[in-house]
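> Take a look at run.pdb, PDB, C-alpha atoms:
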```
ATOM      1  CA  MET A   1      69.129  66.035  98.801
ATOM      2  CA  LYS A   2      72.613  64.596  98.193
ATOM      3  CA  ALA A   3      73.216  67.045  95.348
ATOM      4  CA  PHE A   4      72.148  69.947  97.581
ATOM      5  CA  VAL A   5      74.563  68.828 100.312
ATOM      6  CA  ALA A   6      77.326  68.568  97.698
ATOM      7  CA  ILE A   7      76.665  72.080  96.468
ATOM      8  CA  VAL A   8      76.656  73.501 100.001
ATOM      9  CA  PHE A   9      79.918  71.642 100.720
ATOM     10  CA  LEU A  10      81.517  73.099  97.601
ATOM     11  CA  GLN A  11      80.415  76.604  98.568
ATOM     12  CA  VAL A  12      81.837  76.270 102.103
ATOM     13  CA  CYS A  13      85.156  75.068 100.678
ATOM     14  CA  GLN A  14      85.353  77.996  98.322
ATOM     15  CA  LEU A  15      84.411  80.567 100.956
ATOM     16  CA  GLY A  16      87.033  79.786 103.541
ATOM     17  CA  LEU A  17      88.518  76.351 103.719
ATOM     18  CA  GLY A  18      90.107  76.399 100.302
ATOM     19  CA  ILE A  19      89.801  73.640  97.797
ATOM     20  CA  GLU A  20      92.678  71.574  96.456
ATOM     21  CA  MET A  21      93.655  72.016  92.828
ATOM     22  CA  PRO A  22      96.193  70.169  90.705
ATOM     23  CA  PRO A  23      99.626  71.754  90.512
ATOM     24  CA  TYR A  24     100.745  73.396  87.278
ATOM     25  CA  ASN A  25     103.372  75.746  85.891
ATOM     26  CA  VAL A  26     102.617  78.707  83.664
ATOM     27  CA  THR A  27     105.133  78.587  80.818
ATOM     28  CA  SER A  28     103.913  81.706  78.992
ATOM     29  CA  SER A  29     100.996  84.088  78.878
ATOM     30  CA  ALA A  30      99.335  86.451  76.424
ATOM     31  CA  ASP A  31      96.504  88.949  76.786
ATOM     32  CA  SER A  32      93.763  86.351  76.295
ATOM     33  CA  TYR A  33      95.335  83.021  77.276
ATOM     34  CA  GLU A  34      97.940  81.191  79.328
ATOM     35  CA  GLU A  35     100.152  78.260  78.423
ATOM     36  CA  ARG A  36     100.409  75.735  81.268
ATOM     37  CA  VAL A  37     101.945  72.362  82.035
ATOM     38  CA  TYR A  38     100.170  70.053  84.473
ATOM     39  CA  PRO A  39     102.298  67.149  85.745
ATOM     40  CA  ALA A  40     101.035  63.573  85.397
ATOM     41  CA  ARG A  41      98.416  62.908  88.072
ATOM     42  CA  LYS A  42      95.446  60.675  88.800
ATOM     43  CA  TRP A  43      91.893  61.857  88.108
ATOM     44  CA  VAL A  44      88.610  60.058  88.716
ATOM     45  CA  SER A  45      86.641  60.068  85.468
ATOM     46  CA  THR A  46      83.444  58.992  83.761
ATOM     47  CA  PHE A  47      82.452  58.903  80.086
ATOM     48  CA  GLN A  48      79.218  59.307  78.156
ATOM     49  CA  SER A  49      78.268  59.817  74.534
ATOM     50  CA  GLY A  50      75.595  62.264  73.393
ATOM     51  CA  SER A  51      75.162  64.271  76.610
ATOM     52  CA  ASP A  52      77.059  65.229  79.751
ATOM     53  CA  SER A  53      73.906  64.882  81.867
ATOM     54  CA  GLY A  54      74.463  62.796  84.989
ATOM     55  CA  LEU A  55      78.257  62.717  84.804
ATOM     56  CA  PHE A  56      78.765  65.009  87.815
ATOM     57  CA  ASN A  57      76.518  62.843  90.003
ATOM     58  CA  ARG A  58      78.478  59.688  89.123
ATOM     59  CA  LEU A  59      81.712  61.363  90.236
ATOM     60  CA  PHE A  60      80.116  62.919  93.307
ATOM     61  CA  ASN A  61      78.841  59.495  94.404
ATOM     62  CA  TYR A  62      82.417  58.209  94.177
ATOM     63  CA  ILE A  63      83.825  60.972  96.407
ATOM     64  CA  ASP A  64      80.816  60.636  98.734
ATOM     65  CA  GLY A  65      81.896  57.104  99.685
ATOM     66  CA  GLN A  66      80.645  54.897  96.873
ATOM     67  CA  ASN A  67      84.058  53.342  96.407
ATOM     68  CA  GLU A  68      85.571  50.043  97.577
ATOM     69  CA  ALA A  69      87.120  51.692 100.647
ATOM     70  CA  GLY A  70      83.778  53.288 101.553
ATOM     71  CA  ILE A  71      85.532  56.577 102.350
ATOM     72  CA  LYS A  72      84.703  60.159 101.515
ATOM     73  CA  VAL A  73      87.222  61.890  99.277
ATOM     74  CA  ASP A  74      87.592  65.678  99.366
ATOM     75  CA  MET A  75      86.100  67.622  96.472
ATOM     76  CA  THR A  76      88.703  69.333  94.304
ATOM     77  CA  ALA A  77      88.669  71.889  91.531
ATOM     78  CA  PRO A  78      88.492  72.231  88.670
ATOM     79  CA  VAL A  79      85.968  69.848  87.179
ATOM     80  CA  THR A  80      87.198  69.141  83.651
ATOM     81  CA  THR A  81      85.085  67.847  80.786
ATOM     82  CA  LEU A  82      86.824  66.677  77.644
ATOM     83  CA  PHE A  83      84.618  67.398  74.613
ATOM     84  CA  VAL A  84      85.227  65.187  71.595
ATOM     85  CA  PRO A  85      82.868  66.698  69.004
ATOM     86  CA  CYS A  86      80.963  64.613  66.513
ATOM     87  CA  GLN A  87      82.723  64.397  63.142
ATOM     88  CA  ASP A  88      79.782  63.388  60.939
ATOM     89  CA  LEU A  89      75.987  63.146  60.956
ATOM     90  CA  ARG A  90      75.819  59.646  62.433
ATOM     91  CA  CYS A  91      77.690  60.197  65.675
ATOM     92  CA  ALA A  92      77.358  62.038  68.967
ATOM     93  CA  THR A  93      79.685  64.255  70.944
ATOM     94  CA  ASN A  94      81.622  62.308  73.593
ATOM     95  CA  TYR A  95      82.138  63.724  77.083
ATOM     96  CA  THR A  96      84.656  62.646  79.731
ATOM     97  CA  MET A  97      84.191  64.462  83.049
ATOM     98  CA  SER A  98      86.928  64.274  85.680
ATOM     99  CA  PHE A  99      87.696  65.331  89.248
ATOM    100  CA  TYR A 100      91.323  65.687  90.314
ATOM    101  CA  VAL A 101      92.237  63.047  92.928
ATOM    102  CA  PRO A 102      93.509  64.893  96.038
ATOM    103  CA  ALA A 103      97.192  64.565  96.948
ATOM    104  CA  ALA A 104      96.287  62.427  99.978
ATOM    105  CA  HIS A 105      94.957  59.730  97.602
ATOM    106  CA  GLN A 106      97.269  60.132  94.585
ATOM    107  CA  ASP A 107      99.387  57.078  95.434
ATOM    108  CA  SER A 108      96.407  54.801  96.051
ATOM    109  CA  PRO A 109      92.994  56.231  95.166
ATOM    110  CA  PRO A 110      89.966  54.255  96.360
ATOM    111  CA  THR A 111      88.732  51.870  93.662
ATOM    112  CA  PRO A 112      85.379  52.913  92.150
ATOM    113  CA  THR A 113      82.456  50.530  92.691
ATOM    114  CA  SER A 114      80.522  51.827  89.672
ATOM    115  CA  ALA A 115      81.429  50.350  86.290
ATOM    116  CA  ASP A 116      80.928  53.850  84.823
ATOM    117  CA  VAL A 117      83.651  55.465  86.962
ATOM    118  CA  TYR A 118      87.377  54.827  86.627
ATOM    119  CA  ILE A 119      90.725  56.143  87.822
ATOM    120  CA  GLU A 120      92.556  57.888  84.978
ATOM    121  CA  ASP A 121      96.335  58.110  84.994
ATOM    122  CA  ARG A 122      96.394  61.406  83.115
ATOM    123  CA  PRO A 123      99.848  61.969  81.617
ATOM    124  CA  GLN A 124     101.529  65.368  81.701
ATOM    125  CA  LEU A 125      99.119  67.819  80.149
ATOM    126  CA  HIS A 126     100.391  70.832  78.211
ATOM    127  CA  VAL A 127      97.475  73.216  77.592
ATOM    128  CA  PHE A 128      96.534  76.636  76.332
ATOM    129  CA  SER A 129      93.906  78.059  78.684
ATOM    130  CA  ARG A 130      91.389  80.871  78.213
ATOM    131  CA  ARG A 131      89.523  82.121  81.315
ATOM    132  CA  PHE A 132      86.027  83.597  81.289
ATOM    133  CA  HIS A 133      83.468  84.417  83.964
ATOM    134  CA  GLY A 134      79.818  83.869  84.800
ATOM    135  CA  PHE A 135      77.448  80.911  84.688
ATOM    136  CA  ALA A 136      78.742  78.946  81.711
ATOM    137  CA  SER A 137      76.483  77.164  79.241
ATOM    138  CA  HIS A 138      77.604  74.755  76.527
ATOM    139  CA  GLN A 139      77.405  77.667  74.101
ATOM    140  CA  ASP A 140      79.687  79.778  76.339
ATOM    141  CA  TYR A 141      82.282  76.998  76.323
ATOM    142  CA  LEU A 142      81.987  76.595  72.551
ATOM    143  CA  SER A 143      82.283  80.325  71.835
ATOM    144  CA  ASN A 144      85.273  80.700  74.179
ATOM    145  CA  ALA A 145      86.922  77.667  72.571
ATOM    146  CA  ALA A 146      86.385  79.305  69.166
ATOM    147  CA  GLN A 147      87.938  82.556  70.434
ATOM    148  CA  LEU A 148      90.905  80.700  71.945
ATOM    149  CA  HIS A 149      91.350  78.869  68.636
ATOM    150  CA  ASP A 150      91.428  82.182  66.756
ATOM    151  CA  ASP A 151      93.848  83.743  69.261
ATOM    152  CA  LEU A 152      96.236  80.773  69.069
ATOM    153  CA  VAL A 153      96.158  80.748  65.270
ATOM    154  CA  ALA A 154      96.753  84.531  65.162
ATOM    155  CA  ALA A 155      99.699  84.119  67.564
ATOM    156  CA  GLY A 156     101.209  81.408  65.343
ATOM    157  CA  GLU A 157     101.072  78.718  68.048
ATOM    158  CA  GLU A 158     101.919  75.346  66.524
ATOM    159  CA  GLY A 159     101.193  71.769  67.553
ATOM    160  CA  VAL A 160      97.789  72.482  69.075
ATOM    161  CA  ASP A 161      95.077  69.805  68.982
ATOM    162  CA  PHE A 162      92.013  71.713  67.792
ATOM    163  CA  GLU A 163      89.940  68.521  67.354
ATOM    164  CA  THR A 164      88.985  68.354  71.055
ATOM    165  CA  PHE A 165      88.907  70.719  74.008
ATOM    166  CA  TYR A 166      88.340  70.774  77.753
ATOM    167  CA  ALA A 167      85.518  72.719  79.390
ATOM    168  CA  VAL A 168      86.728  73.598  82.886
ATOM    169  CA  GLY A 169      84.652  74.824  85.827
ATOM    170  CA  TYR A 170      85.911  75.995  89.209
ATOM    171  CA  ASP A 171      82.809  77.059  91.139
ATOM    172  CA  SER A 172      79.733  75.486  92.717
ATOM    173  CA  PRO A 173      76.315  76.694  91.493
ATOM    174  CA  PHE A 174      75.934  78.821  94.666
ATOM    175  CA  VAL A 175      78.784  81.120  93.684
ATOM    176  CA  ILE A 176      76.940  84.051  92.133
ATOM    177  CA  VAL A 177      79.720  86.547  91.386
ATOM    178  CA  GLY A 178      83.346  86.041  90.476
ATOM    179  CA  ARG A 179      82.712  82.688  88.785
ATOM    180  CA  ASN A 180      85.701  81.257  86.918
ATOM    181  CA  ASN A 181      85.593  78.980  83.900
ATOM    182  CA  GLU A 182      88.173  78.027  81.299
ATOM    183  CA  VAL A 183      88.566  76.244  78.017
ATOM    184  CA  TRP A 184      91.742  74.297  77.268
ATOM    185  CA  PHE A 185      93.310  73.116  74.045
ATOM    186  CA  VAL A 186      96.055  70.524  74.428
ATOM    187  CA  LYS A 187      99.465  71.114  72.901
ATOM    188  CA  LYS A 188     100.641  67.923  71.174
TER     189      LYS A 188
END
```
For the file at hand, write its structure as structure tokens.


Amino acid sequence: MKAFVAIVFLQVCQLGLGIEMPPYNVTSSADSYEERVYPARKWVSTFQSGSDSGLFNRLFNYIDGQNEAGIKVDMTAPVTTLFVPCQDLRCATNYTMSFYVPAAHQDSPPTPTSADVYIEDRPQLHVFSRRFHGFASHQDYLSNAAQLHDDLVAAGEEGVDFETFYAVGYDSPFVIVGRNNEVWFVKK
């Protein structure tokens, strides 16, 4: 029931109330990608190895009042998931999912009560971003990351970390058309 309420809340925000997003500057753009700089900000994050299942619920519980202050924190967009792919046969992909902490709580975000949730002081983030639409699966994120990789290499972009990438989602599951997703590679 809680997840359903969360989804309805997200849909209402997107339909008319607006939803807060982290600030950023576009430094350049090409046909298939944008280069952006996000200033240092706080994000609430959670980590898991092998699967990203359950990560969203951990973060939703935090914004739903399961924090030391016992307060509800507004949902923001996007939801970012850092993929750190497995490098050999005896490891698993690592996932770190994060919600942007709204401006009202940036100076002093409520402390998480779950040991699996933490406040991340994310430093300035310089990314190359590729947008795509629809309901995104893991394979959609992987194929768009591969296309962004190829586009950046073809454009001669240097200093890009191709070892990891962010899967980025902007919409609740109730948004049927006009869904926005992105993949990000970080510029070192």

> Looking at all atoms listed in the file, which of A:Ser32, A:Met97, A:Pro102, A:Leu55 is the one that sits closest to Lys72 in chain A?

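When distances to Lys72 in chain A are compared using all atoms listed in the file, the smallest one comes from A:Pro102.
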
> Would you mind reading off the distance between CA of Gly70 in chain A and CA of Asp171 in chain A, one decimal, in Å?

26.0 Å

> Mind pulling up the distance from CA of His126 in chain A to CA of Phe47 in chain A?

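CA of His126 in chain A lies at a distance of 21.6 Å from CA of Phe47 in chain A.
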
> Calculated over all atoms listed in the file, which of the candidates A:Glu34, A:Val117, A:Ser137, A:Gln87 has the smallest distance to Phe185 in chain A?

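Among A:Glu34, A:Val117, A:Ser137, A:Gln87, it is A:Glu34 that comes nearest to Phe185 in chain A.
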
> Write out as JSON, numbers by chain which residues come within 9 Å of Phe60 in chain A when counting all atoms listed in the file, dropping same-chain ones fewer than 3 positions away.

{"A": [3, 6, 55, 56, 57, 63, 64, 65, 66, 75, 99]}

> Convert the output of the PyMOL selection byres ((chain A and resi 110) around 6) on the shown file into explicit residues, formatted as JSON, numbers by chain.

{"A": [67, 69, 109, 111]}

> May I have the protein, DNA and RNA residues with any atom at most 12 Å from the point (100.8, 70.9, 82.4), counting all atoms listed in the file, written as a ChimeraX atom specification?

/A:22-28,34-41,122-129,184-188

> At what distance in Å, to one decimal, does CA of Gly169 in chain A lie from CA of Thr80 in chain A?

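Between these atoms lies a distance of 6.6 Å.
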
> Kindly resolve the PyMOL selection byres ((chain A and resi 89-93) around 9) on the present coordinates and return the residues as number ranges by chain.

A: 48-51, 83-88, 94-95

> I need the residue set behind the PyMOL selection byres ((chain A and resi 134) around 8) for this file; please write it as a list in words.

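Against this file, the PyMOL selection byres ((chain A and resi 134) around 8) returns the residues Phe132, His133, Phe135, Ala136, Ile176, Val177, Gly178, Arg179, Asn180 and Asn181 of chain A.
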
> Which residue, A:Lys42, A:Arg58, A:Tyr170, A:Glu120, has the smallest gap to Gly18 in chain A when you use all atoms listed in the file?

A:Tyr170

> With 4 Å on each side, where is the centre of the axis-aligned box around all listed atoms of range 37-43 of chain A, and how long are its edges in Å to one decimal, as JSON?


```
{"center_x": 97.1, "center_y": 66.5, "center_z": 85.4, "size_x": 18.4, "size_y": 19.7, "size_z": 14.8}
```

> Taking into account only C-alpha atoms, which residue in the set A:Ala154, A:Ile119, A:Ala167, A:Leu59 is nearest to Asp74 in chain A?

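For Asp74 in chain A, the nearest of the given residues is A:Leu59.
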